[in-house]
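**Student:** Structure provided below as structure tokens; questions to follow.
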Amino acid sequence: MKKLSFLAIAFAVIMLAACGGKKSAQAEEATDSLKSFEQQQIEASIKMHMDSIASELGKLKTLPFLNEGKDGITLTKQEKQVKPDYLLPASVADEATTLAEKYRILSALSVDKKIAALYEMPVEDYDKAITKLSADINDPSFKAIEDAGSIFETTSQLYDEMEKNGRINYFWQLAAAALVEQLYVCNQNTDKFLSTFNDEAAANVTFRIVLILDAVNRLSQYDPDIEPVAQAIAPLDALNATSVAEMKEQMAKTKDQIIAARKALIK
């Protein structure tokens with residue numbers, strides 16, 4: 001993870017979830033050229049807003065409970081004293097039955113494994129669950145990634161590989177699950193995670209999130225597989241703040257919706 005850690009990735013994934021909404025070959029054959037052009041326009045607008053959010057986040061300072069060194073990101077000694085009790089148990093992997101569910105749970109567990117490791121908690125069970133899910137999924141795209149448990153950190157590379165291997169229709173499953181899991185984590189202590197935001201950043205980031213959510217919803221017209229994701233993340237359109245104080249208030253108000261989205265995507 002880079003300097004903004006969980007928060008930056010959370011917002012990055014919401015953008016990548018939308019960009020993953022390309023049609024399968026069968027759907028493309030059934031869609032006329034006008035719709036194909038319209039979809040390309042929607043995706044182009046998503047990429048523009050993605051760049052804007054990335055630029056805004058890049059201006060922010062490092063979160064106060066993180067240390068950056070030659071070995072990457074670590075937590076401060078004080079932060080590691082209280083272990084998180086909100087992470088998914090590795091056993092949730094046993095509940096996955098469909099391929100889509102396995103992708104989503106793999107993604108969510110990879111997020112929680114990273115967090116557990118930062119807090120110096122045991123990760124052996126996560127490793128076993130992630131390895132089994134990865135084997136069950138058998139996606140050749142994962143070969144480009146050193147560790148299947150870090151898929152949420154390599155979204156750009158993974159997107160390219162899944163597109164090349166004809167698995168792009170599952171990319172949004174990974175991205176949506178990572179997004180919701182990280183927003184869930186952020187919402188455990190909003191003051192902490194938003195401590196580096198200013199009013200301008202809160203307004204710019206949340207405004208573009210709303211635009212991206214709208215685009216995801218419109219993309220679902222061209223690919224029905226995106227519809228469950230669009231429905232799960234739709235409540236996030238309440239994050240449309242004009243100040244940090246308002247963003248904190250909105251995060252608090254959407255807490256139940258984020259929990260519901262987590263349950264919907266990670267059963």
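Chain lettering (A, B, ...) mirrors the order of the structure tokens, residue numbering begins at 1 for each chain separately, and ligand numbering begins at 1 in order of display.
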Apply DSSP to the structure's backbone, then extract all residues of region 117-224 of chain A labelled helix (DSSP H, G or I) and return them as number ranges by chain.

**Tutor:** A: 117-118, 124-137, 140-144, 148-153, 155-164, 168-186, 190-193, 199-219, 224

**Student:** Which of region 37-161 of chain A counts as strand (DSSP E) under DSSP, as a PyMOL selection string please?

**Tutor:** chain A and resi 66-69+72-75

**Student:** Could you tell me which of A:Thr254, A:Thr97, A:Gln188, A:Ser52 comes closest to Ala238 (chain A) if we count only C-alpha atoms?

**Tutor:**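 Among A:Thr254, A:Thr97, A:Gln188, A:Ser52, it is A:Thr254 that comes nearest to Ala238 (chain A).
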
**Student:** Set the distance at 8 Å and use only C-alpha atoms: which residues neighbour Ala144 (chain A) once local chain neighbours fewer than 2 positions away are removed? I'd like the list as a PyMOL selection string.

**Tutor:** chain A and resi 141-142+146+157-158+161

**Student:** Can you tell me how far CA of Ala241 (chain A) sits from CA of Thr206 (chain A), in Å to one decimal?

**Tutor:**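 Separation of CA of Ala241 (chain A) and CA of Thr206 (chain A): 6.1 Å.
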